[in-house]
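In what follows, a single structure is set out as C-alpha cells and then discussed.
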Amino acid sequence: MSPVRPELLRLAADLAGKGEPFALAVVVRREAASSAQAGDAALVTEDGTFHGWLGGSCTQPTVAREAQQALADGRPRLLSLTPETVPDARPGVEVHPMTCASGGTVDIFVEPVLPAPRLAVFGASPAARAVCRLAKAMGFAVDAVDPGADRAAFPDADRVLAEPPAPAPGRAPRLGLSVVVATMGQRDEEALFSAISLAPSYLGVVASRRRFAAVRQAVAARGVAAAALDRVRSPAGLDIGARTPEEIAVSILAEVVQSRARRAAAPGEEAPAGAARAAESAVDPVCRMTVAVPGARHRAEHAGRTYYFCRAGCRERFLADPSRYAGIPAEATP
C-alpha cells in the first residue's frame, strides 16, 4: 500500500486549521492494468483544485467533480472507475467510465472534510448561555454576541464578541450561519436587525409571539424587508413544552439541526458555482453510465440532440442504430 505523501497531510492540516472545506480521495481497490495503487491519495479543494495522485490524470476530472458534490451535500461516496460496459452492481458504489488508455478498474473513496458548523448567539440571558453550552457539546463553533458579555459568562464559546461577527470573506459558509437571538428584553430590536444583516440560514428569536410582533414592527420600520422577517422563527425552537433554559436550548438546537438537514437535502441552493458547473453530466445511452459533459471526448448529434458516451465503442454502437437508444435521456443535466 502506498503511504500518504507528507505534503498532502500538511496541506490538509493547513486547510483544516483555516476552517476551509476539502475532500480526501483514497484508492481502496484496483485491478490491473491501472497504474493506481491502494493507498494513493489526493486532496480536492472547494473550487475543484486537485492535489495528489490517483493513478493518472484521466481520473482527475471525475474525482474532482464528485469531490465537489461531496462537499456540497456533506456525504462520502465510493467511486468505481472501470472500462467495463456493464455497470457495477455492488450496492453503494457509483460507477463511472475509466478513460485511461491503460484500462483497469480503480475504486476510490471520497470523504468530505468540513469545518464545524457556526452558531452565533445574541444575548447574555440564561437561555443564551444554555444554548452556547449545548451547541459547543454538539460540535458547533460558537460565537457569543453581547456588548456586556465577558469570557466568564460564556466559558464554552469559541469567541465572545461585543459586535456581531463578520460574514466569511469570499464565500458563504456551507449550509449557512445559524443565529439565535436570546436577548430577552435587552436590545431585542438591535440584535434582530444585526442578525438579519448576517443573512443566516437559520434565525430564531426567543420571545413570546406578542413580544416578537412588537420587535418585528420596530425592525421593519428600519427598512428590513418583510420577506427577511418572515423567515425568522419565533418562538425559536421545536414545540416540546420547554420551560427551563436548558430545555429551551434543546428545543432550539433541535430546530437548527432540522433546518440544516433540510438544506443538506437540497445542496444545489448553496453549492459553489464551480461545483454546479462541474456537476453537469449526461447518461451514455448505450451503457447507461454517467458521463461528465465538460471535456467529454465522445459525443454525437442525432435528431437535433447531443449524446455523450463514455468511450468510442459506445458511440459506434449508437451510430450504428440510433433509433434503438432514442428513449434514453441525452441532454446534460445539472
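Residue numbers start at 1 in each chain; chains themselves are named A, B, ... in the order of the C-alpha cells; ligands are numbered from 1 in the order shown.
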
Long-range neighbours of Gly92 of chain A as a PyMOL selection string, 8 Å cut-off, only C-alpha atoms, 2 positions minimum in chain: chain A and resi 77-78+90+94

Using DSSP secondary structure from the backbone, list all helix (DSSP H, G or I) positions within segment 161-243 of chain A, as a count of residues only. 27

Can you tell me, as an MDAnalysis selection string, what residues are no more than 7 Å from Ala124 of chain A when counting only C-alpha atoms, ignoring any on the same chain fewer than 5 positions away? chainID A and resid 129 146 149 183

I need the strand (DSSP E) residues of segment 89-141 of chain A per DSSP on the backbone, written as a list of chain:residue names. A:Val93, A:Glu94, A:Val95, A:His96, A:Pro97, A:Thr105, A:Val106, A:Asp107, A:Ile108, A:Phe109, A:Val110, A:Glu111, A:Pro112, A:Val113, A:Arg118, A:Leu119, A:Ala120, A:Val121, A:Phe122, A:Ala141

Export of the given selection (N, CA and C atoms) as a short mmCIF file (atom, residue, chain, number, x, y, z; two decimals), in the first residue's frame:
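The new file selection14.cif reads:
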```
data_model
loop_
_atom_site.label_atom_id
_atom_site.label_comp_id
_atom_site.auth_asym_id
_atom_site.auth_seq_id
_atom_site.Cartn_x
_atom_site.Cartn_y
_atom_site.Cartn_z
N VAL A 93 -21.97 1.66 -4.55
CA VAL A 93 -20.85 2.02 -5.42
C VAL A 93 -21.36 2.81 -6.61
N GLU A 94 -20.78 3.98 -6.85
CA GLU A 94 -21.13 4.80 -8.00
C GLU A 94 -20.14 4.50 -9.13
N VAL A 95 -20.65 4.06 -10.26
CA VAL A 95 -19.81 3.62 -11.36
C VAL A 95 -19.62 4.75 -12.37
N HIS A 96 -18.36 4.94 -12.80
CA HIS A 96 -18.02 5.96 -13.79
C HIS A 96 -17.07 5.33 -14.81
N PRO A 97 -17.06 5.84 -16.03
CA PRO A 97 -16.18 5.27 -17.05
C PRO A 97 -14.71 5.55 -16.78
N THR A 105 -9.47 -1.16 -13.47
CA THR A 105 -10.52 -0.61 -12.62
C THR A 105 -9.89 -0.09 -11.34
N VAL A 106 -10.38 1.04 -10.86
CA VAL A 106 -9.89 1.60 -9.60
C VAL A 106 -11.08 2.09 -8.79
N ASP A 107 -11.12 1.70 -7.52
CA ASP A 107 -12.15 2.14 -6.60
C ASP A 107 -11.58 3.21 -5.70
N ILE A 108 -12.28 4.32 -5.57
CA ILE A 108 -11.78 5.48 -4.82
C ILE A 108 -12.83 5.93 -3.82
N PHE A 109 -12.42 6.04 -2.57
CA PHE A 109 -13.32 6.53 -1.53
C PHE A 109 -13.10 8.03 -1.35
N VAL A 110 -14.18 8.81 -1.44
CA VAL A 110 -14.11 10.27 -1.33
C VAL A 110 -14.80 10.69 -0.04
N GLU A 111 -14.06 11.37 0.82
CA GLU A 111 -14.57 11.78 2.12
C GLU A 111 -14.49 13.30 2.26
N PRO A 112 -15.65 14.00 2.42
CA PRO A 112 -15.61 15.44 2.63
C PRO A 112 -15.14 15.76 4.05
N VAL A 113 -14.28 16.76 4.16
CA VAL A 113 -13.81 17.24 5.46
C VAL A 113 -14.30 18.68 5.59
N ARG A 118 -21.21 26.84 12.27
CA ARG A 118 -21.08 28.01 13.15
C ARG A 118 -22.44 28.49 13.63
N LEU A 119 -22.47 28.85 14.91
CA LEU A 119 -23.68 29.36 15.54
C LEU A 119 -23.34 30.64 16.28
N ALA A 120 -24.09 31.70 16.03
CA ALA A 120 -23.93 32.96 16.76
C ALA A 120 -25.13 33.12 17.69
N VAL A 121 -24.86 33.40 18.95
CA VAL A 121 -25.90 33.56 19.95
C VAL A 121 -25.86 34.99 20.48
N PHE A 122 -26.93 35.73 20.24
CA PHE A 122 -27.03 37.11 20.72
C PHE A 122 -27.69 37.12 22.09
N ALA A 141 -19.09 25.59 16.24
CA ALA A 141 -18.21 26.70 16.58
C ALA A 141 -19.11 27.84 17.01
#
```

Quick one: residues within 12 Å of Thr244 of chain A, only C-alpha atoms counted, chain neighbours fewer than 3 positions away excluded, as a ChimeraX atom specification? /A:126-128,130-131,240-241,247-251

Would you write out those residues with C-alpha atoms, as an mmCIF file, in the first residue's frame?
```
data_model
loop_
_atom_site.group_PDB
_atom_site.id
_atom_site.type_symbol
_atom_site.label_atom_id
_atom_site.label_comp_id
_atom_site.auth_asym_id
_atom_site.auth_seq_id
_atom_site.Cartn_x
_atom_site.Cartn_y
_atom_site.Cartn_z
ATOM 1 C CA PRO A 126 -29.688 32.230 30.909
ATOM 2 C CA ALA A 127 -31.181 30.801 27.713
ATOM 3 C CA ALA A 128 -28.328 32.284 25.651
ATOM 4 C CA ALA A 130 -27.507 27.356 27.840
ATOM 5 C CA VAL A 131 -27.601 27.423 24.022
ATOM 6 C CA ILE A 240 -41.575 20.253 23.140
ATOM 7 C CA GLY A 241 -43.067 22.067 26.118
ATOM 8 C CA GLU A 247 -34.898 22.708 27.822
ATOM 9 C CA ILE A 248 -35.274 25.804 25.657
ATOM 10 C CA ALA A 249 -31.727 25.277 24.386
ATOM 11 C CA VAL A 250 -32.537 21.662 23.476
ATOM 12 C CA SER A 251 -35.630 22.717 21.524
#
```

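Nearest to Phe309 of chain A of all the residues A:Val293, A:Val142, A:Ala101, A:Ala226 is A:Val293, counting only C-alpha atoms.
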
Tell me, in Å to one decimal, how far atom CA of Ala300 of chain A is from atom CA of Arg315 of chain A.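 These atoms are spaced 7.2 Å apart.
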
Contacts of Gln186 of chain A within 9 Å, only C-alpha atoms, excl. fewer than 3 positions in-chain, as a VMD selection string: chain A and resid 123 to 125 182 to 183 189 191

Give me the residues near segment 36-50 of chain A as JSON, numbers by chain, where near means some atom within 10 Å (using only C-alpha atoms) and where sequence neighbours in that chain fewer than 6 positions away do not count. {"A": [1, 2, 3, 4, 5, 8, 9, 11, 12, 15, 20, 21, 22, 23, 24, 25, 26, 27, 28, 29, 30, 56, 59, 60, 61, 63, 64, 65, 66, 67, 68, 69, 70, 71, 72, 104, 105, 106, 107, 108, 109, 110, 111, 112, 113, 271, 272, 273, 274, 275, 278]}

Env of Pro165 of chain A: 10 Å cut, atoms = only C-alpha atoms, seq-sep filter 3 positions within chain, self excluded. Answer as a compact mmCIF listing (two decimals) with C-alpha atoms, in the first residue's frame.
```txt
# COMPACT_ATOMS: atom_id res chain seq x y z
CA ALA A 120 -23.93 32.96 16.76
CA ASP A 143 -19.87 32.99 18.94
CA ALA A 144 -21.45 34.69 21.96
CA VAL A 145 -22.50 38.22 20.98
CA ARG A 159 -15.41 33.74 20.75
CA VAL A 160 -17.09 36.34 22.95
CA LEU A 161 -17.86 39.39 20.83
CA ALA A 162 -19.19 42.83 21.60
CA ALA A 168 -16.92 34.68 5.98
CA SER A 194 -27.88 42.90 13.24
CA ALA A 195 -28.72 39.20 12.99
CA LEU A 198 -25.72 38.40 8.52
```

Between A:Arg297, A:Ser281, A:Arg262, A:Ile252, which residue has the minimum interatomic distance to Leu134 of chain A, considering only C-alpha atoms?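 When distances to Leu134 of chain A are compared using only C-alpha atoms, the smallest one comes from A:Ile252.
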